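Heads up, run.txt below (compact mmCIF, C-alpha atoms and all ligand atoms):
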# COMPACT_ATOMS: atom_id res chain seq x y z
CA GLN A 1 23.41 5.24 -10.08
CA LYS A 2 23.40 2.08 -12.18
CA LEU A 3 22.96 -1.06 -10.09
CA GLN A 4 24.60 -3.55 -12.36
CA GLN A 5 27.67 -3.84 -14.54
CA TYR A 6 27.05 -4.74 -18.16
CA ASN A 7 29.73 -5.30 -20.78
CA THR A 8 29.23 -8.05 -23.29
CA PRO A 9 26.92 -8.70 -26.24
CA GLU A 10 25.31 -11.36 -24.04
CA ASP A 11 24.54 -8.64 -21.47
CA ALA A 12 23.10 -6.49 -24.24
CA ALA A 13 20.89 -9.36 -25.42
CA GLU A 14 19.69 -9.89 -21.87
CA LEU A 15 18.83 -6.21 -21.50
CA ILE A 16 16.86 -6.33 -24.75
CA ASN A 17 15.15 -9.52 -23.65
CA ASN A 18 14.05 -7.91 -20.40
CA ALA A 19 13.00 -4.57 -21.89
CA ARG A 20 9.50 -3.62 -22.98
CA ASN A 21 9.87 -0.03 -24.17
CA ILE A 22 13.09 0.48 -26.06
CA ILE A 23 14.09 3.78 -27.61
CA VAL A 24 16.39 3.26 -30.57
CA LEU A 25 18.23 6.43 -31.60
CA THR A 26 19.66 6.06 -35.09
CA GLY A 27 21.99 8.08 -37.28
CA ALA A 28 23.54 7.96 -40.71
CA GLY A 29 25.61 4.86 -39.86
CA VAL A 30 22.56 2.59 -40.18
CA SER A 31 22.36 3.38 -43.92
CA THR A 32 26.03 3.33 -44.96
CA SER A 33 25.94 -0.38 -45.89
CA LEU A 34 23.49 0.63 -48.63
CA GLY A 35 26.06 3.00 -50.10
CA ILE A 36 24.60 6.14 -48.50
CA PRO A 37 27.41 8.21 -46.96
CA ASP A 38 27.27 9.39 -43.36
CA PHE A 39 28.35 12.93 -42.44
CA ARG A 40 31.50 12.88 -40.32
CA SER A 41 33.46 9.76 -41.34
CA ASP A 42 36.45 9.99 -43.67
CA THR A 43 34.12 9.13 -46.55
CA GLY A 44 31.26 11.23 -45.16
CA ILE A 45 29.40 14.12 -46.77
CA TYR A 46 31.10 16.84 -44.71
CA THR A 47 34.53 15.42 -45.50
CA LYS A 48 33.67 15.38 -49.21
CA LEU A 49 32.35 18.95 -49.08
CA ALA A 50 35.50 20.08 -47.30
CA GLN A 51 37.57 18.44 -50.06
CA LEU A 52 35.48 20.36 -52.59
CA GLY A 53 36.62 23.55 -50.91
CA LEU A 54 33.73 24.40 -48.58
CA SER A 55 35.36 25.78 -45.45
CA GLU A 56 32.21 25.22 -43.35
CA PRO A 57 30.55 22.11 -44.84
CA GLN A 58 27.69 22.25 -42.34
CA ASP A 59 26.64 25.55 -43.96
CA VAL A 60 25.00 23.49 -46.71
CA PHE A 61 22.32 22.70 -44.11
CA ASP A 62 22.36 26.06 -42.34
CA LEU A 63 19.18 28.16 -42.48
CA SER A 64 20.81 31.59 -42.53
CA THR A 65 23.16 30.48 -45.33
CA PHE A 66 20.18 29.08 -47.25
CA LEU A 67 18.28 32.37 -46.94
CA ILE A 68 21.28 34.30 -48.30
CA ASP A 69 22.26 31.83 -51.04
CA PRO A 70 20.05 28.76 -51.60
CA SER A 71 22.25 27.65 -54.51
CA ILE A 72 24.81 26.28 -52.02
CA PHE A 73 22.27 23.77 -50.77
CA TYR A 74 20.92 23.01 -54.26
CA THR A 75 24.42 22.40 -55.60
CA PHE A 76 25.17 19.69 -53.05
CA ALA A 77 21.75 18.33 -52.02
CA LYS A 78 21.79 15.49 -54.55
CA ASP A 79 24.15 13.67 -52.18
CA VAL A 80 21.46 13.39 -49.52
CA LEU A 81 18.45 12.77 -51.76
CA PRO A 82 16.77 9.40 -51.04
CA THR A 83 17.64 7.13 -53.94
CA THR A 84 16.81 3.65 -52.81
CA GLU A 85 13.76 1.64 -51.83
CA SER A 86 15.89 -0.87 -49.93
CA PHE A 87 16.77 -1.13 -46.24
CA SER A 88 19.73 -2.39 -44.25
CA PRO A 89 19.78 -5.25 -41.73
CA THR A 90 19.88 -2.57 -39.00
CA HIS A 91 16.68 -1.00 -40.36
CA LEU A 92 15.18 -4.49 -40.28
CA PHE A 93 16.30 -4.89 -36.67
CA LEU A 94 13.94 -2.02 -35.77
CA LYS A 95 11.04 -3.93 -37.33
CA VAL A 96 12.07 -7.14 -35.56
CA LEU A 97 12.18 -5.29 -32.22
CA ASP A 98 8.68 -4.03 -32.92
CA ASP A 99 7.47 -7.48 -33.94
CA HIS A 100 8.62 -8.62 -30.50
CA HIS A 101 6.63 -5.73 -28.92
CA LYS A 102 9.74 -4.03 -27.60
CA LEU A 103 10.12 -0.91 -29.70
CA LEU A 104 8.78 2.23 -28.03
CA THR A 105 10.09 4.70 -30.63
CA ASN A 106 12.80 4.95 -33.24
CA TYR A 107 14.15 8.49 -33.13
CA THR A 108 15.97 8.78 -36.42
CA GLN A 109 18.18 11.66 -37.45
CA ASN A 110 18.11 10.34 -41.00
CA ILE A 111 16.20 11.92 -43.83
CA ASP A 112 16.44 8.92 -46.16
CA ASN A 113 13.07 7.56 -45.03
CA LEU A 114 14.26 3.95 -45.29
CA GLU A 115 12.90 2.69 -41.97
CA VAL A 116 9.38 2.36 -43.41
CA ASN A 117 10.65 0.13 -46.24
CA THR A 118 10.90 -2.66 -43.64
CA GLY A 119 7.15 -2.42 -43.00
CA LEU A 120 7.71 -0.64 -39.68
CA SER A 121 4.70 1.52 -38.83
CA ARG A 122 5.22 5.30 -39.21
CA GLU A 123 3.74 5.64 -35.73
CA LYS A 124 6.90 4.09 -34.30
CA ILE A 125 9.22 6.57 -36.03
CA VAL A 126 10.07 10.16 -35.21
CA GLN A 127 12.01 11.79 -38.04
CA CYS A 128 13.86 14.22 -35.81
CA HIS A 129 15.50 16.08 -38.69
CA GLY A 130 12.42 16.07 -40.93
CA SER A 131 12.36 14.49 -44.37
CA PHE A 132 12.17 15.13 -48.09
CA ALA A 133 8.50 14.03 -48.05
CA THR A 134 7.30 17.64 -48.23
CA ALA A 135 8.77 21.02 -49.10
CA THR A 136 7.75 24.56 -48.15
CA CYS A 137 8.01 27.90 -49.93
CA MET A 138 10.10 30.28 -47.87
CA LYS A 139 7.88 33.19 -48.93
CA CYS A 140 4.21 32.14 -49.14
CA LYS A 141 4.70 29.03 -46.95
CA LYS A 142 2.81 26.80 -49.39
CA LYS A 143 3.64 23.12 -48.86
CA VAL A 144 4.06 20.71 -51.77
CA PRO A 145 5.13 17.05 -52.07
CA GLY A 146 8.91 16.99 -51.79
CA ALA A 147 9.23 14.90 -54.96
CA GLN A 148 8.39 18.06 -56.95
CA LEU A 149 11.87 19.31 -56.08
CA TYR A 150 13.81 16.18 -56.97
CA ASP A 151 14.56 17.12 -60.60
CA TYR A 152 15.90 20.50 -59.50
CA ILE A 153 18.01 18.89 -56.79
CA ARG A 154 19.40 16.29 -59.20
CA LYS A 155 20.32 19.05 -61.68
CA GLY A 156 21.70 21.27 -58.93
CA GLU A 157 19.23 24.08 -59.71
CA VAL A 158 17.35 26.18 -57.17
CA ALA A 159 13.62 25.31 -57.07
CA TYR A 160 11.18 28.22 -56.90
CA CYS A 161 7.56 28.26 -55.77
CA LYS A 162 4.97 27.58 -58.49
CA ASN A 163 2.05 29.06 -56.60
CA PRO A 164 0.83 31.79 -59.02
CA ASP A 165 0.15 34.15 -56.13
CA CYS A 166 3.54 33.67 -54.50
CA GLY A 167 5.55 36.83 -54.29
CA THR A 168 2.70 39.03 -55.48
CA THR A 169 1.08 39.22 -52.07
CA PRO A 170 2.82 40.05 -48.83
CA VAL A 171 2.44 37.00 -46.59
CA GLY A 172 -0.66 37.22 -44.43
CA SER A 173 -2.39 40.04 -46.34
CA LYS A 174 -4.68 40.26 -49.36
CA ARG A 175 -3.30 40.63 -52.85
CA GLN A 176 -2.90 44.36 -53.41
CA PHE A 177 -1.30 44.74 -56.80
CA SER A 178 -0.80 42.76 -59.94
CA VAL A 179 2.43 42.03 -61.74
CA THR A 180 3.27 44.72 -64.28
CA THR A 181 6.09 45.09 -66.72
CA GLY A 182 8.65 47.83 -66.42
CA SER A 183 8.83 47.64 -62.65
CA SER A 184 11.91 48.70 -60.77
CA ASP A 185 14.50 46.22 -59.48
CA GLU A 186 13.02 46.60 -56.05
CA ASP A 187 9.57 45.64 -57.33
CA ASP A 188 11.10 42.67 -59.13
CA ALA A 189 12.51 41.48 -55.84
CA GLU A 190 9.06 41.89 -54.30
CA ILE A 191 7.26 39.88 -56.96
CA ALA A 192 9.81 37.09 -57.28
CA PRO A 193 8.41 33.71 -56.23
CA GLY A 194 9.87 32.26 -53.06
CA VAL A 195 12.59 29.64 -52.87
CA MET A 196 11.40 26.13 -52.02
CA LYS A 197 13.07 24.34 -49.13
CA PRO A 198 12.64 20.63 -48.44
CA ASP A 199 11.22 20.07 -44.94
CA ILE A 200 14.48 18.68 -43.62
CA THR A 201 15.67 20.42 -40.47
CA PHE A 202 18.51 22.85 -41.05
CA PHE A 203 20.90 24.15 -38.41
CA GLY A 204 19.12 27.15 -36.92
CA GLU A 205 15.67 25.59 -37.29
CA LYS A 206 13.44 24.10 -34.65
CA LEU A 207 12.95 20.35 -34.76
CA PRO A 208 9.49 19.05 -35.72
CA ASP A 209 7.10 19.44 -32.74
CA GLU A 210 6.67 15.68 -32.67
CA PHE A 211 10.20 15.29 -31.29
CA GLU A 212 9.63 17.26 -28.11
CA ASP A 213 5.98 16.26 -27.74
CA ARG A 214 6.70 12.58 -27.86
CA PHE A 215 10.00 12.45 -25.99
CA GLU A 216 9.39 14.87 -23.15
CA LYS A 217 5.69 14.22 -22.64
CA ARG A 218 5.71 10.43 -22.94
CA ASP A 219 8.76 8.42 -23.90
CA ILE A 220 11.12 9.81 -21.28
CA ASN A 221 8.93 8.23 -18.61
CA MET A 222 8.21 4.97 -20.42
CA CYS A 223 11.61 4.05 -21.82
CA ASP A 224 13.37 1.13 -20.12
CA LEU A 225 16.34 0.75 -22.51
CA LEU A 226 18.15 3.07 -24.92
CA ILE A 227 20.05 1.75 -27.93
CA CYS A 228 22.00 4.29 -30.01
CA ILE A 229 23.11 2.99 -33.40
CA GLY A 230 25.31 4.51 -36.11
CA THR A 231 25.44 8.06 -34.82
CA SER A 232 28.27 10.26 -33.60
CA LEU A 233 25.81 11.93 -31.17
CA LYS A 234 27.31 15.31 -32.05
CA VAL A 235 24.11 17.14 -32.91
CA ALA A 236 21.76 18.47 -30.22
CA PRO A 237 18.97 18.33 -29.24
CA VAL A 238 18.70 14.72 -30.45
CA SER A 239 21.95 13.75 -28.73
CA GLU A 240 20.49 15.12 -25.48
CA ILE A 241 18.19 12.10 -25.30
CA VAL A 242 21.16 10.20 -23.89
CA ARG A 243 21.63 12.68 -21.06
CA MET A 244 17.95 13.35 -20.36
CA LEU A 245 16.83 9.78 -19.75
CA PRO A 246 16.83 8.73 -16.08
CA SER A 247 20.16 7.22 -15.08
CA SER A 248 18.36 3.99 -14.17
CA VAL A 249 17.69 3.33 -17.86
CA PRO A 250 20.48 1.18 -19.32
CA GLN A 251 22.14 2.51 -22.47
CA ILE A 252 23.79 0.58 -25.30
CA TYR A 253 25.94 2.13 -28.04
CA ILE A 254 26.48 0.31 -31.34
CA ASN A 255 28.89 2.13 -33.63
CA ARG A 256 32.13 1.82 -35.58
CA GLN A 257 33.88 4.29 -33.32
CA PRO A 258 33.48 4.81 -29.58
CA CYS A 259 31.68 7.86 -28.24
CA ARG A 260 33.99 9.98 -26.12
CA HIS A 261 31.45 12.44 -24.75
CA TYR A 262 28.83 10.08 -23.29
CA GLN A 263 29.32 7.04 -21.10
CA PHE A 264 27.35 3.99 -22.09
CA ASP A 265 26.72 0.84 -20.09
CA ILE A 266 27.64 -1.26 -23.09
CA THR A 267 29.52 -0.21 -26.20
CA LEU A 268 29.53 -2.71 -29.06
CA LEU A 269 32.01 -1.52 -31.65
CA GLY A 270 31.78 -2.66 -35.25
CA ASN A 271 29.61 -2.68 -38.29
CA CYS A 272 26.10 -2.22 -36.91
CA ASP A 273 24.56 -4.75 -39.32
CA ASP A 274 26.88 -7.44 -37.95
CA VAL A 275 26.30 -6.39 -34.35
CA VAL A 276 22.49 -6.46 -34.57
CA ALA A 277 22.67 -9.79 -36.43
CA HIS A 278 24.72 -11.19 -33.57
CA LEU A 279 22.30 -9.81 -30.99
CA CYS A 280 19.36 -11.38 -32.83
CA HIS A 281 21.22 -14.67 -32.90
CA LEU A 282 21.75 -14.46 -29.12
CA LEU A 283 18.08 -13.62 -28.65
CA GLY A 284 16.98 -16.48 -30.88
CA TRP A 285 15.29 -14.02 -33.26
CA GLU A 286 15.30 -14.24 -37.04
CA LEU A 287 16.83 -11.37 -38.96
CA ASN A 288 16.26 -12.44 -42.53
CA HIS A 289 18.07 -10.01 -44.78
CA PRO A 290 19.84 -10.83 -48.07
CA MET A 291 22.90 -8.80 -47.08
CA LEU A 292 23.48 -11.09 -44.10
CA LYS A 293 23.49 -14.33 -46.08
CA SER A 294 27.07 -13.77 -47.19
CA LEU A 295 28.38 -13.21 -43.67
P1 LIG B 301 27.65 11.12 -38.34
O1 LIG B 301 28.30 11.01 -39.67
O2 LIG B 301 28.02 12.27 -37.48
O3 LIG B 301 27.95 9.80 -37.50
C1 LIG B 301 27.75 8.54 -38.05
C2 LIG B 301 28.44 7.52 -37.14
O4 LIG B 301 28.12 6.24 -37.64
C3 LIG B 301 29.97 7.65 -37.16
O5 LIG B 301 30.43 7.64 -35.82
C4 LIG B 301 30.43 6.41 -37.91
O6 LIG B 301 31.63 5.88 -37.37
C5 LIG B 301 29.31 5.45 -37.67
N1 LIG B 301 29.10 4.47 -38.74
C6 LIG B 301 29.12 4.65 -40.07
N2 LIG B 301 28.81 3.52 -40.72
C7 LIG B 301 28.61 2.57 -39.77
C8 LIG B 301 28.29 1.19 -39.78
N3 LIG B 301 28.07 0.52 -40.94
N4 LIG B 301 28.18 0.54 -38.61
C9 LIG B 301 28.38 1.20 -37.45
N5 LIG B 301 28.69 2.50 -37.35
C10 LIG B 301 28.80 3.19 -38.50
O7 LIG B 301 26.08 11.04 -38.60
P2 LIG B 301 24.91 11.39 -37.57
O8 LIG B 301 25.30 11.12 -36.18
O9 LIG B 301 23.69 10.73 -38.10
O10 LIG B 301 21.88 16.74 -39.40
O11 LIG B 301 24.80 12.95 -37.78
C11 LIG B 301 23.81 13.66 -37.07
C12 LIG B 301 23.34 14.84 -37.87
O12 LIG B 301 24.47 15.60 -38.32
C13 LIG B 301 22.64 14.50 -39.17
O13 LIG B 301 21.28 14.15 -38.98
C14 LIG B 301 22.78 15.76 -39.95
C15 LIG B 301 24.21 16.10 -39.64
O14 LIG B 301 24.50 17.44 -39.64
C16 LIG B 301 21.41 17.74 -40.16
O15 LIG B 301 21.70 17.86 -41.33
C17 LIG B 301 20.54 18.69 -39.43
Would you write out, as structure tokens, the structure that this file holds?
Ligand code: OAD
Amino acid sequence: QKLQQYNTPEDAAELINNARNIIVLTGAGVSTSLGIPDFRSDTGIYTKLAQLGLSEPQDVFDLSTFLIDPSIFYTFAKDVLPTTESFSPTHLFLKVLDDHHKLLTNYTQNIDNLEVNTGLSREKIVQCHGSFATATCMKCKKKVPGAQLYDYIRKGEVAYCKNPDCGTTPVGSKRQFSVTTGSSDEDDAEIAPGVMKPDITFFGEKLPDEFEDRFEKRDINMCDLLICIGTSLKVAPVSEIVRMLPSSVPQIYINRQPCRHYQFDITLLGNCDDVVAHLCHLLGWELNHPMLKSL
């Protein structure tokens, strides 16, 4: 049972002022002002994929679909590849919260890796849906820097493992045969190198251990304010953070559209960059970002 009624931006600023351990849960909406599309808006990635004729746009990021036909992912992945070194005012807000010793953790669903461009320490960020920083072979499990896949992704070509042993040795056992010519189709399938998959979390995959370890073992008990920014909160388990936190923890939602499936103490509708700039103004904090100068 919440003890107090909160409604206004002034209330939100007061909650932030009084908090010491804020969880900020972010989604694709915090990067759209940089020209990066979100997923579910009219101009979002899923809408675009649907227009291109994909009946189930989420299949692009579905593990079982990837295992059957990785070319679907590789055809469309260029749209989600990180392309910028910049950051939005909302990314900067995370750093400002941390500078004021208020940020417990930023749980981001984004794979664009832009939070760190503000100078925010990696220790403050949980990339709930992984990132393009590394990639893993689906066959031999070798990990490589994700950048090795970028050219393939940009060209829309499937990237295969370059480990010379990949595909010649059943995973977990010693190499038993060498590649020979004139093998049957079945042998060819056996010796083919594995497909590389960026370490972003697909539907059907477990989230990185860090998510559960940090939230359930620590943050859930420490958090004294939740701020959700630029996310539709439609994808579990990240969206479950809202429900799992004790009801005594106030919750603020900053988004273009309201959330119909969770009740927040305060909903601040609008462009998140403008909203966080206003909150900083109310708090007397500087949010120096070139994109805000023209406001
Ligand atoms: P969504 O596209 O579902 O939601 C983004 C929300 O941000 C929408 O409600 C927009 O209205 C809002 N929004 C967009 N731009 C905004 C702005 N400038 N200011 C304020 N609000 C804005 O994206 P996510 O919630 O991040 O997962 O999606 C969650 C997950 O679904 C993604 O991580 C991805 C996707 O499937 C995987 O691929 C596993």
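Each of A:Thr32, A:Asp274, A:Gly27, A:Gly167 was checked against Cys228 of chain A using only C-alpha atoms; the smallest atom-to-atom distance is that of A:Gly27.
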Contacts to ligand LIG 301 (chain B) at 6 Å cut-off (all atoms listed in the file) as a VMD selection string
chain A and resid 27 to 30 32 to 33 38 to 41 61 109 to 110 129 201 to 203 230 to 233 235 255 to 257 270 to 272
Residues within 9 Å of Ala277 of chain A, please, as JSON, numbers by chain. Count only C-alpha atoms; anything in the same chain fewer than 2 positions from it doesn't count.
{"A": [89, 90, 93, 272, 273, 274, 275, 279, 280, 281, 282, 286, 287, 292]}
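Between atom CA of Ser64 of chain A and atom CA of Lys143 of chain A lies a distance of 20.2 Å.
Nearest to Thr108 of chain A of all the residues A:Ile229, A:Leu149, A:Leu268, A:Cys140 is A:Ile229, counting all atoms listed in the file.
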Interatomic distance between atom CA of Ile200 of chain A and atom CA of Asp213 of chain A?
18.2 Å
Segment 16-24 of chain A: which residues within 7 Å, counting only C-alpha atoms, same-chain residues fewer than 4 positions away excluded, as a ChimeraX atom specification?
/A:12,101-107,222-228
Keeping only C-alpha atoms, write the selected residues as an mmCIF file, in the coordinates of the input.
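Written file, part.cif:
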data_model
loop_
_atom_site.group_PDB
_atom_site.id
_atom_site.type_symbol
_atom_site.label_atom_id
_atom_site.label_comp_id
_atom_site.auth_asym_id
_atom_site.auth_seq_id
_atom_site.Cartn_x
_atom_site.Cartn_y
_atom_site.Cartn_z
ATOM 1 C CA ALA A 12 23.100 -6.490 -24.240
ATOM 2 C CA HIS A 101 6.630 -5.730 -28.920
ATOM 3 C CA LYS A 102 9.740 -4.030 -27.600
ATOM 4 C CA LEU A 103 10.120 -0.910 -29.700
ATOM 5 C CA LEU A 104 8.780 2.230 -28.030
ATOM 6 C CA THR A 105 10.090 4.700 -30.630
ATOM 7 C CA ASN A 106 12.800 4.950 -33.240
ATOM 8 C CA TYR A 107 14.150 8.490 -33.130
ATOM 9 C CA MET A 222 8.210 4.970 -20.420
ATOM 10 C CA CYS A 223 11.610 4.050 -21.820
ATOM 11 C CA ASP A 224 13.370 1.130 -20.120
ATOM 12 C CA LEU A 225 16.340 0.750 -22.510
ATOM 13 C CA LEU A 226 18.150 3.070 -24.920
ATOM 14 C CA ILE A 227 20.050 1.750 -27.930
ATOM 15 C CA CYS A 228 22.000 4.290 -30.010
#
Among A:Ala192, A:Val242, A:Cys137, A:Leu15, Cys259 of chain A is approached most closely, using only C-alpha atoms, by A:Val242
Contacts of Pro198 of chain A at 12 Å or less, counting all atoms listed in the file, minus same-chain residues fewer than 3 places along, as a ChimeraX atom specification?
/A:61,63,66,70,73-74,77,80-81,111,129-138,141-150,152-153,158-161,195,201-202
